[in-house]
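Text of the file input-v6.txt, holding compact mmCIF, C-alpha atoms:
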# COMPACT_ATOMS: atom_id res chain seq x y z
CA MET O 138 56.65 -67.52 56.59
CA SER O 139 56.19 -70.02 53.79
CA GLU O 140 59.18 -71.39 51.91
CA GLU O 141 58.12 -69.52 48.83
CA GLN O 142 57.96 -66.22 50.71
CA ILE O 143 61.45 -66.77 52.08
CA LYS O 144 62.75 -67.61 48.63
CA ASN O 145 61.20 -64.42 47.34
CA LEU O 146 62.79 -62.38 50.12
CA GLU O 147 66.15 -64.00 49.45
CA GLU O 148 65.97 -63.07 45.80
CA GLN O 149 65.14 -59.47 46.64
CA PHE O 150 67.98 -59.47 49.14
CA GLU O 151 70.56 -60.75 46.65
CA ALA O 152 69.33 -58.15 44.15
CA ARG O 153 69.84 -55.38 46.70
CA ILE O 154 73.42 -56.45 47.33
CA LEU O 155 74.05 -56.71 43.61
CA ARG O 156 73.06 -53.07 43.11
CA ASP O 157 75.29 -52.02 46.04
CA ASP O 158 72.46 -51.26 48.44
CA LYS O 159 73.67 -51.41 52.04
CA ILE O 160 71.95 -53.76 54.47
CA GLU O 161 71.02 -52.17 57.81
CA PRO O 162 70.34 -53.90 61.16
CA LYS O 163 66.55 -54.02 61.01
CA ASP O 164 66.36 -55.12 57.37
CA TRP O 165 65.34 -58.66 56.59
CA MET O 166 68.38 -60.85 55.91
CA PRO O 167 68.94 -64.55 55.34
CA GLU O 168 69.88 -66.36 58.54
CA LYS O 169 73.18 -67.45 57.00
CA TYR O 170 74.09 -63.85 56.20
CA ARG O 171 73.43 -62.92 59.82
CA GLN O 172 75.44 -65.82 61.23
CA THR O 173 78.37 -65.34 58.85
CA HIS O 174 78.55 -61.66 59.73
CA ILE O 175 78.34 -62.29 63.46
CA ARG O 176 81.21 -64.75 63.08
CA GLN O 177 83.42 -62.52 60.97
CA ILE O 178 82.77 -59.22 62.78
CA SER O 179 83.16 -60.71 66.25
CA GLN O 180 86.38 -62.47 65.26
CA HIS O 181 87.64 -59.23 63.83
CA ALA O 182 86.79 -57.53 67.16
CA HIS O 183 88.53 -60.28 69.13
CA SER O 184 91.64 -59.80 66.97
CA GLU O 185 91.78 -56.12 67.89
CA ILE O 186 91.44 -56.85 71.60
CA VAL O 187 93.89 -59.77 71.69
CA GLY O 188 96.18 -57.71 69.47
CA MET O 189 96.61 -55.26 72.34
CA LEU O 190 98.49 -57.89 74.35
CA PRO O 191 101.82 -58.36 72.51
CA GLU O 192 102.27 -54.60 72.17
CA GLY O 193 100.89 -53.62 75.56
CA ASN O 194 103.67 -55.73 76.94
CA TRP O 195 106.27 -53.30 75.53
CA ILE O 196 104.76 -49.97 76.61
CA THR O 197 106.77 -49.76 79.82
CA ARG O 198 109.96 -50.73 77.98
CA ALA O 199 109.71 -48.31 75.05
CA PRO O 200 113.14 -46.75 74.45
CA SER O 201 111.98 -43.11 74.59
CA LEU O 202 108.99 -41.02 75.62
CA ARG O 203 108.21 -40.36 71.95
CA ARG O 204 108.01 -44.10 71.25
CA LYS O 205 106.06 -44.66 74.42
CA VAL O 206 103.25 -42.18 73.76
CA ALA O 207 102.95 -43.49 70.19
CA LEU O 208 102.72 -47.11 71.27
CA LEU O 209 100.29 -46.24 74.03
CA ALA O 210 98.08 -44.39 71.54
CA LYS O 211 98.24 -47.29 69.11
CA VAL O 212 97.24 -49.85 71.72
CA GLN O 213 94.41 -47.57 72.85
CA ASP O 214 93.23 -47.31 69.23
CA GLU O 215 93.12 -51.08 69.03
CA GLY O 216 90.90 -51.17 72.10
CA GLY O 217 88.68 -48.60 70.39
CA HIS O 218 88.59 -50.60 67.17
CA GLY O 219 87.52 -53.66 69.11
CA LEU O 220 84.66 -51.63 70.60
CA TYR O 221 83.46 -50.31 67.21
CA LEU O 222 83.40 -53.87 65.92
CA TYR O 223 81.69 -55.41 68.95
CA SER O 224 78.99 -52.74 68.61
CA ALA O 225 78.58 -53.55 64.92
CA ALA O 226 78.22 -57.26 65.73
CA GLU O 227 75.68 -56.50 68.47
CA THR O 228 73.35 -54.92 65.90
CA LEU O 229 72.93 -58.46 64.52
CA GLY O 230 71.43 -59.71 67.77
CA ILE O 231 74.35 -61.20 69.69
CA SER O 232 75.27 -59.77 73.10
CA ARG O 233 78.71 -58.58 74.14
CA ASP O 234 78.78 -61.26 76.86
CA GLU O 235 78.02 -64.02 74.39
CA MET O 236 80.90 -62.87 72.21
CA PHE O 237 83.32 -62.84 75.15
CA GLU O 238 82.07 -66.26 76.14
CA GLN O 239 82.83 -67.55 72.63
CA LEU O 240 86.31 -66.03 72.73
CA HIS O 241 87.14 -67.36 76.18
CA THR O 242 85.95 -70.89 75.45
CA GLY O 243 87.86 -71.00 72.18
CA LYS O 244 84.70 -71.25 70.07
CA ALA O 245 85.53 -67.96 68.32
CA LYS O 246 88.88 -67.43 66.69
CA TYR O 247 91.04 -64.35 66.35
CA SER O 248 93.87 -63.56 63.99
CA SER O 249 96.65 -66.15 64.40
CA ILE O 250 99.35 -63.52 64.17
CA PHE O 251 98.80 -62.55 67.81
CA ASN O 252 99.80 -66.02 68.93
CA TYR O 253 103.42 -65.21 68.11
CA PRO O 254 105.56 -63.64 70.83
CA ALA O 255 106.96 -60.08 70.70
CA LEU O 256 110.51 -60.76 71.83
CA THR O 257 112.40 -57.52 71.17
CA TRP O 258 111.71 -53.83 70.67
CA ALA O 259 112.16 -54.37 66.94
CA ASP O 260 109.04 -56.54 67.03
CA MET O 261 107.04 -53.37 67.76
CA GLY O 262 108.39 -52.07 64.47
CA ALA O 263 107.68 -55.29 62.58
CA ILE O 264 104.16 -55.56 64.00
CA GLY O 265 103.22 -51.99 63.10
CA TRP O 266 104.77 -52.21 59.66
CA LEU O 267 103.76 -55.74 58.62
CA VAL O 268 100.83 -56.77 60.79
CA ASP O 269 99.03 -53.44 60.63
CA GLY O 270 100.08 -53.17 56.99
CA ALA O 271 98.41 -56.50 56.21
CA ALA O 272 95.40 -55.56 58.31
CA ILE O 273 94.98 -52.29 56.40
CA ILE O 274 94.95 -54.13 53.06
CA ASN O 275 92.25 -56.46 54.39
CA GLN O 276 90.29 -53.61 55.92
CA VAL O 277 90.38 -51.19 53.01
CA ALA O 278 88.82 -53.98 50.96
CA LEU O 279 86.08 -54.24 53.59
CA CYS O 280 85.08 -50.55 53.59
CA GLY O 281 82.68 -51.35 50.75
CA THR O 282 81.16 -54.42 52.38
CA SER O 283 77.38 -54.80 52.22
CA TYR O 284 76.53 -54.64 55.93
CA GLY O 285 76.22 -50.95 56.85
CA PRO O 286 77.44 -50.98 60.48
CA TYR O 287 80.47 -53.12 59.54
CA ALA O 288 81.37 -50.89 56.59
CA ARG O 289 81.10 -47.76 58.76
CA ALA O 290 83.32 -49.27 61.45
CA MET O 291 85.86 -50.18 58.75
CA VAL O 292 85.97 -46.66 57.37
CA ARG O 293 86.67 -45.26 60.82
CA ILE O 294 89.29 -47.92 61.56
CA CYS O 295 91.11 -47.43 58.26
CA LYS O 296 91.36 -43.69 58.91
CA GLU O 297 93.02 -44.35 62.23
CA GLU O 298 95.30 -47.17 61.21
CA SER O 299 97.65 -45.56 58.80
CA PHE O 300 99.46 -43.98 61.75
CA HIS O 301 99.98 -47.47 63.17
CA GLN O 302 101.82 -48.67 60.12
CA ARG O 303 103.91 -45.52 59.81
CA GLN O 304 105.00 -45.62 63.46
CA GLY O 305 106.06 -49.25 62.97
CA TYR O 306 108.03 -48.56 59.83
CA GLU O 307 109.71 -45.60 61.49
CA ILE O 308 110.93 -47.89 64.28
CA MET O 309 112.40 -50.25 61.66
CA LEU O 310 113.93 -47.35 59.76
CA LYS O 311 115.62 -46.00 62.88
CA LEU O 312 116.97 -49.43 63.86
CA SER O 313 118.25 -50.04 60.35
CA GLN O 314 120.29 -46.83 60.60
CA GLY O 315 121.71 -47.87 63.97
CA THR O 316 124.51 -50.13 65.18
CA GLN O 317 125.10 -53.60 63.77
CA GLU O 318 123.27 -55.01 66.77
CA GLN O 319 120.25 -52.81 66.10
CA ARG O 320 120.25 -53.72 62.41
CA ASP O 321 120.39 -57.41 63.32
CA MET O 322 117.49 -56.91 65.66
CA ALA O 323 115.39 -55.34 62.88
CA GLN O 324 116.31 -58.14 60.45
CA ASP O 325 115.49 -60.77 63.05
CA ALA O 326 112.06 -59.23 63.65
CA LEU O 327 111.37 -59.20 59.89
CA ASN O 328 112.51 -62.83 59.67
CA ARG O 329 110.09 -63.91 62.35
CA PHE O 330 107.07 -61.83 61.27
CA TRP O 331 107.24 -62.05 57.47
CA TRP O 332 105.64 -65.47 57.02
CA PRO O 333 103.02 -65.12 59.76
CA ALA O 334 102.07 -61.76 58.19
CA LEU O 335 101.50 -63.49 54.83
CA MET O 336 99.32 -66.04 56.60
CA MET O 337 97.08 -63.23 57.87
CA PHE O 338 95.31 -63.21 54.51
CA GLY O 339 94.03 -66.71 55.19
CA PRO O 340 94.31 -69.98 53.26
CA LYS O 341 94.89 -70.08 49.51
CA ASP O 342 91.77 -69.41 47.46
CA GLU O 343 91.41 -73.07 46.46
CA ASP O 344 91.39 -74.02 50.17
CA SER O 345 89.03 -71.28 51.28
CA PRO O 346 85.52 -72.74 51.18
CA HIS O 347 83.72 -69.52 52.22
CA THR O 348 85.29 -67.27 49.57
CA ALA O 349 82.59 -67.64 46.90
CA GLN O 350 79.71 -66.87 49.28
CA SER O 351 81.62 -64.02 50.95
CA MET O 352 82.42 -62.44 47.59
CA LYS O 353 78.75 -62.63 46.66
CA TRP O 354 77.77 -60.78 49.84
CA LYS O 355 80.64 -58.34 49.39
CA LEU O 356 81.91 -59.47 52.78
CA LYS O 357 85.03 -59.97 50.75
CA ARG O 358 85.81 -57.73 47.81
CA LYS O 359 89.04 -59.45 46.81
CA THR O 360 90.26 -63.01 47.34
CA ASN O 361 92.87 -64.03 49.92
CA ASP O 362 95.51 -64.64 47.25
CA ASP O 363 94.91 -61.29 45.54
CA LEU O 364 95.25 -59.40 48.81
CA ARG O 365 98.37 -61.37 49.77
CA GLN O 366 99.98 -60.57 46.43
CA GLN O 367 99.14 -56.88 46.86
CA PHE O 368 100.78 -56.91 50.30
CA ILE O 369 103.96 -58.55 49.01
CA ASP O 370 104.24 -56.22 46.04
CA GLN O 371 103.98 -53.12 48.18
CA THR O 372 106.07 -54.35 51.13
CA VAL O 373 109.15 -55.77 49.42
CA PRO O 374 110.35 -52.36 48.14
CA GLN O 375 109.78 -50.92 51.63
CA ALA O 376 112.13 -53.57 53.07
CA GLU O 377 114.73 -52.88 50.38
CA LEU O 378 114.60 -49.16 51.09
CA ILE O 379 115.86 -49.69 54.63
CA GLY O 380 118.33 -52.42 53.70
CA LEU O 381 116.43 -55.37 55.13
CA THR O 382 116.16 -58.73 53.39
CA VAL O 383 112.81 -60.47 53.03
CA PRO O 384 113.40 -64.03 54.32
CA ASP O 385 112.22 -65.82 51.18
CA PRO O 386 114.87 -67.31 48.85
CA ASP O 387 112.22 -67.82 46.13
CA LEU O 388 111.14 -64.18 46.11
CA LYS O 389 111.67 -62.82 42.62
CA TRP O 390 110.27 -60.00 40.50
CA ASN O 391 108.19 -61.38 37.66
CA GLU O 392 108.47 -58.96 34.76
CA GLU O 393 105.59 -60.52 32.87
CA ARG O 394 103.13 -60.38 35.77
CA GLN O 395 104.57 -57.09 37.08
CA SER O 396 104.43 -58.73 40.47
CA TYR O 397 106.63 -60.74 42.85
CA ASP O 398 106.74 -64.52 42.74
CA PHE O 399 107.19 -65.91 46.21
CA GLY O 400 107.91 -69.16 48.02
CA GLU O 401 105.52 -71.69 49.49
CA ILE O 402 103.87 -70.74 52.79
CA ASP O 403 104.09 -73.32 55.57
CA TRP O 404 100.38 -74.07 55.82
CA ASP O 405 100.95 -76.78 58.43
CA GLU O 406 102.23 -74.10 60.75
CA PHE O 407 99.21 -71.92 59.92
CA TRP O 408 96.73 -74.66 60.81
CA GLN O 409 98.65 -75.61 63.94
CA VAL O 410 98.39 -72.04 65.22
CA VAL O 411 94.72 -71.74 64.20
CA LYS O 412 93.98 -74.94 66.12
CA GLY O 413 95.50 -73.49 69.25
CA HIS O 414 99.05 -74.85 69.14
CA GLY O 415 100.90 -71.60 68.42
CA PRO O 416 103.63 -70.33 70.72
CA CYS O 417 101.33 -68.00 72.69
CA ASN O 418 97.72 -69.21 72.26
CA LYS O 419 97.40 -70.23 75.88
CA GLU O 420 99.12 -67.15 77.26
CA ARG O 421 96.85 -64.83 75.26
CA MET O 422 93.67 -66.57 76.33
CA ASP O 423 94.75 -66.70 79.97
CA ALA O 424 95.40 -62.95 79.86
CA ARG O 425 91.93 -62.26 78.38
CA VAL O 426 90.09 -64.55 80.79
CA ASN O 427 91.99 -63.07 83.75
CA ALA O 428 91.15 -59.54 82.65
CA TRP O 429 87.47 -60.46 82.28
CA GLU O 430 87.15 -62.36 85.54
CA GLY O 431 89.38 -60.02 87.52
CA GLY O 432 87.39 -57.04 86.24
CA ALA O 433 84.00 -58.49 87.15
CA TRP O 434 83.86 -56.71 90.51
CA VAL O 435 84.57 -53.37 88.82
CA ARG O 436 81.70 -53.85 86.37
CA ASP O 437 79.39 -54.87 89.21
CA ALA O 438 80.47 -51.97 91.38
CA ALA O 439 79.88 -49.48 88.58
CA MET O 440 76.39 -50.89 88.01
CA ALA O 441 75.58 -50.83 91.74
CA TYR O 442 76.81 -47.23 91.98
CA ALA O 443 74.73 -46.21 88.96
CA ASP O 444 71.64 -47.80 90.53
CA LYS O 445 72.30 -46.02 93.83
CA LYS O 446 72.67 -42.65 92.11
CA GLN O 447 69.45 -43.30 90.24
CA GLU O 448 67.60 -44.11 93.45
CA ARG O 449 68.92 -41.00 95.17
CA LYS O 450 67.78 -38.88 92.26
CA ALA O 451 64.32 -40.46 92.36
CA LYS O 452 64.03 -39.79 96.11
CA GLN O 453 65.07 -36.17 95.71
CA ALA O 454 62.44 -35.70 93.03
CA ILE O 455 59.63 -36.60 95.44
CA MET M 191 77.03 -60.26 92.93
CA SER M 192 74.75 -58.70 90.39
CA THR M 193 74.58 -60.18 86.93
CA LYS M 194 73.07 -57.05 85.46
CA ASN M 195 74.94 -55.94 82.35
CA TRP M 196 75.82 -52.40 81.48
CA PRO M 197 73.13 -51.06 79.12
CA LEU M 198 73.82 -49.99 75.53
CA TRP M 199 74.01 -46.29 74.65
CA GLU M 200 73.92 -44.55 71.29
CA VAL M 201 76.50 -41.81 70.79
CA PHE M 202 75.93 -38.61 68.78
CA VAL M 203 78.78 -36.19 68.15
CA ARG M 204 78.79 -32.61 66.88
CA SER M 205 82.05 -32.36 64.97
CA LYS M 206 82.09 -28.56 65.09
CA ASN M 207 79.76 -25.74 65.98
CA GLY M 208 77.38 -25.01 63.16
CA LEU M 209 76.97 -28.70 62.32
CA GLU M 210 74.37 -31.09 63.70
CA HIS M 211 75.08 -33.98 66.05
CA ARG M 212 75.55 -37.11 64.00
CA HIS M 213 75.25 -40.75 65.06
CA PHE M 214 78.78 -42.08 65.64
CA GLY M 215 78.14 -45.50 67.14
CA SER M 216 77.27 -47.14 70.41
CA LEU M 217 78.87 -48.39 73.60
CA HIS M 218 78.08 -49.95 76.96
CA ALA M 219 78.18 -47.99 80.19
CA ALA M 220 76.67 -48.24 83.67
CA ASP M 221 75.02 -44.81 83.49
CA ALA M 222 74.75 -41.67 81.38
CA GLU M 223 77.76 -40.03 82.97
CA MET M 224 80.00 -42.99 82.27
CA ALA M 225 78.56 -43.24 78.77
CA LEU M 226 79.68 -39.66 78.11
CA GLU M 227 83.17 -40.33 79.46
CA ASN M 228 83.52 -43.52 77.46
CA ALA M 229 82.18 -41.85 74.33
CA ARG M 230 84.87 -39.21 74.68
CA ASP M 231 87.55 -41.93 74.77
CA VAL M 232 86.08 -44.19 72.12
CA TYR M 233 84.82 -41.70 69.54
CA THR M 234 86.77 -38.45 69.94
CA ARG M 235 90.44 -39.43 70.28
CA ARG M 236 91.39 -37.21 67.34
CA ASN M 237 89.44 -34.00 67.80
CA GLU M 238 86.36 -35.42 66.11
CA GLY M 239 83.96 -33.47 68.27
CA VAL M 240 83.02 -30.43 70.33
CA SER M 241 79.84 -31.86 71.85
CA ILE M 242 78.53 -35.33 72.66
CA TRP M 243 75.00 -36.63 73.26
CA VAL M 244 74.33 -40.09 74.64
CA VAL M 245 70.95 -41.76 74.85
CA GLU M 246 70.16 -45.22 76.08
CA SER M 247 69.43 -47.34 73.00
CA LYS M 248 66.17 -48.69 74.42
CA HIS M 249 64.70 -45.18 74.35
CA ILE M 250 64.99 -44.91 70.58
CA THR M 251 61.89 -45.77 68.60
CA ALA M 252 62.76 -46.73 65.06
CA SER M 253 60.59 -47.20 62.01
CA ASN M 254 60.33 -50.70 60.62
CA PRO M 255 61.96 -51.19 57.20
CA GLU M 256 59.08 -53.53 56.32
CA HIS M 257 56.79 -50.50 56.41
CA ASN M 258 59.03 -48.45 54.14
CA GLY M 259 56.51 -48.76 51.33
CA GLU M 260 53.61 -47.13 53.12
CA LEU M 261 55.88 -44.63 54.89
CA PHE M 262 58.06 -43.35 52.10
CA GLU M 263 56.61 -44.31 48.73
CA PRO M 264 53.76 -41.78 48.78
CA ALA M 265 56.37 -39.02 48.46
CA GLN M 266 57.67 -40.46 45.20
CA ASP M 267 54.79 -39.31 42.96
CA LYS M 268 54.51 -35.85 44.48
CA VAL M 269 56.79 -34.27 41.96
CA TYR M 270 54.97 -30.96 42.39
CA ARG M 271 56.88 -30.57 45.65
CA HIS M 272 60.05 -29.95 43.65
CA PRO M 273 60.88 -26.69 41.86
CA THR M 274 61.63 -28.45 38.57
CA PHE M 275 57.94 -29.44 38.27
CA TYR M 276 57.00 -25.91 37.22
CA ASN M 277 57.45 -24.89 33.58
CA LEU M 278 58.66 -21.36 33.31
CA PRO M 279 60.21 -19.45 30.40
CA ASP M 280 64.02 -19.59 30.25
CA GLU M 281 64.28 -15.78 30.25
CA ILE M 282 62.95 -15.52 33.78
CA LYS M 283 65.64 -14.39 36.23
CA HIS M 284 66.13 -14.85 39.98
CA MET M 285 63.67 -17.71 40.43
Encoded form (structure tokens):
Amino acid sequence: MSEEQIKNLEEQFEARILRDDKIEPKDWMPEKYRQTHIRQISQHAHSEIVGMLPEGNWITRAPSLRRKVALLAKVQDEGGHGLYLYSAAETLGISRDEMFEQLHTGKAKYSSIFNYPALTWADMGAIGWLVDGAAIINQVALCGTSYGPYARAMVRICKEESFHQRQGYEIMLKLSQGTQEQRDMAQDALNRFWWPALMMFGPKDEDSPHTAQSMKWKLKRKTNDDLRQQFIDQTVPQAELIGLTVPDPDLKWNEERQSYDFGEIDWDEFWQVVKGHGPCNKERMDARVNAWEGGAWVRDAAMAYADKKQERKAKQAI
Amino acid sequence: MSTKNWPLWEVFVRSKNGLEHRHFGSLHAADAEMALENARDVYTRRNEGVSIWVVESKHITASNPEHNGELFEPAQDKVYRHPTFYNLPDEIKHM
């Protein structure tokens, strides 16, 4: 294709996005659109899969059967969400194996929040309430994104996730009505997860170089700072309702903005965790790599068995 | 050890009797049987379906969006295929 032809195609493409046309897998798309989407969708998928680890760890220690079935269902959902997203990314021409390779070698990132440890049962509450709460805000904004398979996966995921947040908040609610020790446990979980949850929305707008392009492609519908503010405004009253204190001395209602002002986020910590120096980065990756390598014989056996069945069928047909 | 990967399958789900099967997504599985079992776990965890079809993705032949012009545009000027094309008096009933 000549440069002029490509430029022409690019213009048509941008016009389609502008009029809210969805882009589907076989449509022509600029190479940068393809690569950016592969990166974002696969990292989103990795976040779901790695996100199973801190919670999976607590399934056997859930305090009641009711809590246990709920947590089990939530972790299973996350596995499912990872699969929807990997499938969406595959429509852009990357294989599942390549994506795992990128995750395992550290080339692809996943949400930093999962590099924090889940130390107590209250963390299951804080994760569902805050981490899934933040994820929902991000994901609702993505339901209208321009790439069809990604938008469809987001719609399905959003439908399923509201139970995640409610089960988390219910855990916090119950603890906050309990003994002093249980209330302290809930407060401690909020203290540890509040700031990392705010970091889930990514760097400040002025430090987010991809924002402009992503907004243009509707890969982002709102900026990081707007989404973060929305999260704070809706979460603070939820904390107050159950008598928990948000660990931010600068948090204050701003009458004029009809919004909360809040303190400075520790961006050094954010970048440290992104670069692999969080409390659990290594543990999470080891768990993923072990699962992949340890499961290799199962995948091979299933394939060999499928081939054998196929052969037997073919023989019987003769 | 084989290095053969599990093939990709497309999943279609009928959400209730009376409705058609609709494309829900895709997944990897070693064979059709496993694809059905996985589809049940991945796509129908909340009573989304009463029937599942799976078909290996490579068996689907799809039209090329680049040919959309020649394929679909000819229908655009055939307005006489729509009932509103025909001018009839307003008094006419049941038509």
Could you please determine the separation between CA of Asn207 in chain M and CA of Val240 in chain M in Å, to one decimal place? 7.2 Å
I'd like a table as JSON lines: residues in chain O with an atom no more than 12 Å from chain M, each row giving the shortest atom pair and its distance in Å to one decimal, only C-alpha atoms counted, sorted by chain and rising residue number.
{"residue": "O:Leu146", "atom": "CA", "partner": "M:Glu256", "partner_atom": "CA", "distance": 11.4}
{"residue": "O:Ile160", "atom": "CA", "partner": "M:Pro255", "partner_atom": "CA", "distance": 10.7}
{"residue": "O:Glu161", "atom": "CA", "partner": "M:Pro255", "partner_atom": "CA", "distance": 9.1}
{"residue": "O:Pro162", "atom": "CA", "partner": "M:Pro255", "partner_atom": "CA", "distance": 9.7}
{"residue": "O:Lys163", "atom": "CA", "partner": "M:Pro255", "partner_atom": "CA", "distance": 6.6}
{"residue": "O:Asp164", "atom": "CA", "partner": "M:Pro255", "partner_atom": "CA", "distance": 5.9}
{"residue": "O:Trp165", "atom": "CA", "partner": "M:Glu256", "partner_atom": "CA", "distance": 8.1}
{"residue": "O:Met166", "atom": "CA", "partner": "M:Pro255", "partner_atom": "CA", "distance": 11.7}
{"residue": "O:Ala210", "atom": "CA", "partner": "M:Arg235", "partner_atom": "CA", "distance": 9.2}
{"residue": "O:Lys211", "atom": "CA", "partner": "M:Arg235", "partner_atom": "CA", "distance": 11.1}
{"residue": "O:Gln213", "atom": "CA", "partner": "M:Val232", "partner_atom": "CA", "distance": 9.0}
{"residue": "O:Asp214", "atom": "CA", "partner": "M:Val232", "partner_atom": "CA", "distance": 8.3}
{"residue": "O:Glu215", "atom": "CA", "partner": "M:Val232", "partner_atom": "CA", "distance": 10.3}
{"residue": "O:Gly216", "atom": "CA", "partner": "M:Val232", "partner_atom": "CA", "distance": 8.5}
{"residue": "O:Gly217", "atom": "CA", "partner": "M:Val232", "partner_atom": "CA", "distance": 5.4}
{"residue": "O:His218", "atom": "CA", "partner": "M:Val232", "partner_atom": "CA", "distance": 8.5}
{"residue": "O:Gly219", "atom": "CA", "partner": "M:Val232", "partner_atom": "CA", "distance": 10.0}
{"residue": "O:Leu220", "atom": "CA", "partner": "M:Leu217", "partner_atom": "CA", "distance": 7.3}
{"residue": "O:Tyr221", "atom": "CA", "partner": "M:Gly215", "partner_atom": "CA", "distance": 7.2}
{"residue": "O:Leu222", "atom": "CA", "partner": "M:Gly215", "partner_atom": "CA", "distance": 10.0}
{"residue": "O:Tyr223", "atom": "CA", "partner": "M:Leu217", "partner_atom": "CA", "distance": 8.9}
{"residue": "O:Ser224", "atom": "CA", "partner": "M:Ser216", "partner_atom": "CA", "distance": 6.1}
{"residue": "O:Ala225", "atom": "CA", "partner": "M:Gly215", "partner_atom": "CA", "distance": 8.4}
{"residue": "O:Ala226", "atom": "CA", "partner": "M:Ser216", "partner_atom": "CA", "distance": 11.2}
{"residue": "O:Glu227", "atom": "CA", "partner": "M:Ser216", "partner_atom": "CA", "distance": 9.7}
{"residue": "O:Thr228", "atom": "CA", "partner": "M:Ser216", "partner_atom": "CA", "distance": 9.8}
{"residue": "O:Ser232", "atom": "CA", "partner": "M:Asn195", "partner_atom": "CA", "distance": 10.0}
{"residue": "O:Arg233", "atom": "CA", "partner": "M:His218", "partner_atom": "CA", "distance": 9.1}
{"residue": "O:Asp234", "atom": "CA", "partner": "M:Asn195", "partner_atom": "CA", "distance": 8.6}
{"residue": "O:Glu235", "atom": "CA", "partner": "M:Asn195", "partner_atom": "CA", "distance": 11.8}
{"residue": "O:Gly285", "atom": "CA", "partner": "M:Gly215", "partner_atom": "CA", "distance": 11.8}
{"residue": "O:Pro286", "atom": "CA", "partner": "M:Gly215", "partner_atom": "CA", "distance": 8.7}
{"residue": "O:Tyr287", "atom": "CA", "partner": "M:Gly215", "partner_atom": "CA", "distance": 11.0}
{"residue": "O:Arg289", "atom": "CA", "partner": "M:Gly215", "partner_atom": "CA", "distance": 9.2}
{"residue": "O:Ala290", "atom": "CA", "partner": "M:Gly215", "partner_atom": "CA", "distance": 8.6}
{"residue": "O:Val292", "atom": "CA", "partner": "M:Phe214", "partner_atom": "CA", "distance": 11.9}
{"residue": "O:Arg293", "atom": "CA", "partner": "M:Tyr233", "partner_atom": "CA", "distance": 9.6}
{"residue": "O:Ile294", "atom": "CA", "partner": "M:Tyr233", "partner_atom": "CA", "distance": 11.1}
{"residue": "O:Lys296", "atom": "CA", "partner": "M:Arg236", "partner_atom": "CA", "distance": 10.6}
{"residue": "O:Glu297", "atom": "CA", "partner": "M:Arg236", "partner_atom": "CA", "distance": 8.9}
{"residue": "O:Phe300", "atom": "CA", "partner": "M:Arg236", "partner_atom": "CA", "distance": 11.9}
{"residue": "O:Ala433", "atom": "CA", "partner": "M:Met191", "partner_atom": "CA", "distance": 9.2}
{"residue": "O:Trp434", "atom": "CA", "partner": "M:Met191", "partner_atom": "CA", "distance": 8.1}
{"residue": "O:Val435", "atom": "CA", "partner": "M:Ala220", "partner_atom": "CA", "distance": 10.7}
{"residue": "O:Arg436", "atom": "CA", "partner": "M:Trp196", "partner_atom": "CA", "distance": 7.8}
{"residue": "O:Asp437", "atom": "CA", "partner": "M:Ser192", "partner_atom": "CA", "distance": 6.1}
{"residue": "O:Ala438", "atom": "CA", "partner": "M:Ser192", "partner_atom": "CA", "distance": 8.9}
{"residue": "O:Ala439", "atom": "CA", "partner": "M:Ala220", "partner_atom": "CA", "distance": 6.0}
{"residue": "O:Met440", "atom": "CA", "partner": "M:Ala220", "partner_atom": "CA", "distance": 5.1}
{"residue": "O:Ala441", "atom": "CA", "partner": "M:Ser192", "partner_atom": "CA", "distance": 8.0}
{"residue": "O:Tyr442", "atom": "CA", "partner": "M:Ala220", "partner_atom": "CA", "distance": 8.4}
{"residue": "O:Ala443", "atom": "CA", "partner": "M:Asp221", "partner_atom": "CA", "distance": 5.7}
{"residue": "O:Asp444", "atom": "CA", "partner": "M:Asp221", "partner_atom": "CA", "distance": 8.4}
{"residue": "O:Lys445", "atom": "CA", "partner": "M:Asp221", "partner_atom": "CA", "distance": 10.8}
{"residue": "O:Lys446", "atom": "CA", "partner": "M:Asp221", "partner_atom": "CA", "distance": 9.2}
{"residue": "O:Gln447", "atom": "CA", "partner": "M:Asp221", "partner_atom": "CA", "distance": 8.9}
One-decimal distance in Å that lies between CA of Ile175 in chain O and CA of Lys355 in chain O: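 Value for the CA of Lys355 in chain O-CA of Ile175 in chain O distance: 14.8 Å.
Coordinates place CA of Arg358 in chain O at a distance of 21.5 Å from CA of Ser249 in chain O.
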For a quick check of understanding, using all atoms listed in the file, which of M:Thr251, M:Gln266, M:Asn237, M:Asn258 has the smallest distance to Lys206 in chain M? M:Asn237
Where does range 282-371 of chain O meet range 183-207 of chain O within 9 Å, residue by residue, with the nearest atom pair and distance in Å to one decimal for each, counting all atoms listed in the file, listed by chain and rising number, as a Markdown table?
| residue | atom | partner | partner_atom | distance |
| --- | --- | --- | --- | --- |
| O:His301 | CA | O:Ala207 | CA | 8.6 |
| O:Gln304 | CA | O:Ala207 | CA | 7.4 |
| O:Ile308 | CA | O:Arg204 | CA | 8.5 |
Residue with smallest distance to Val203 in chain M - pool M:Leu261, M:Ile282, M:Val269, M:Ile242, counting only C-alpha atoms: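 Of the candidates, the smallest distance to Val203 in chain M is held by M:Ile242.
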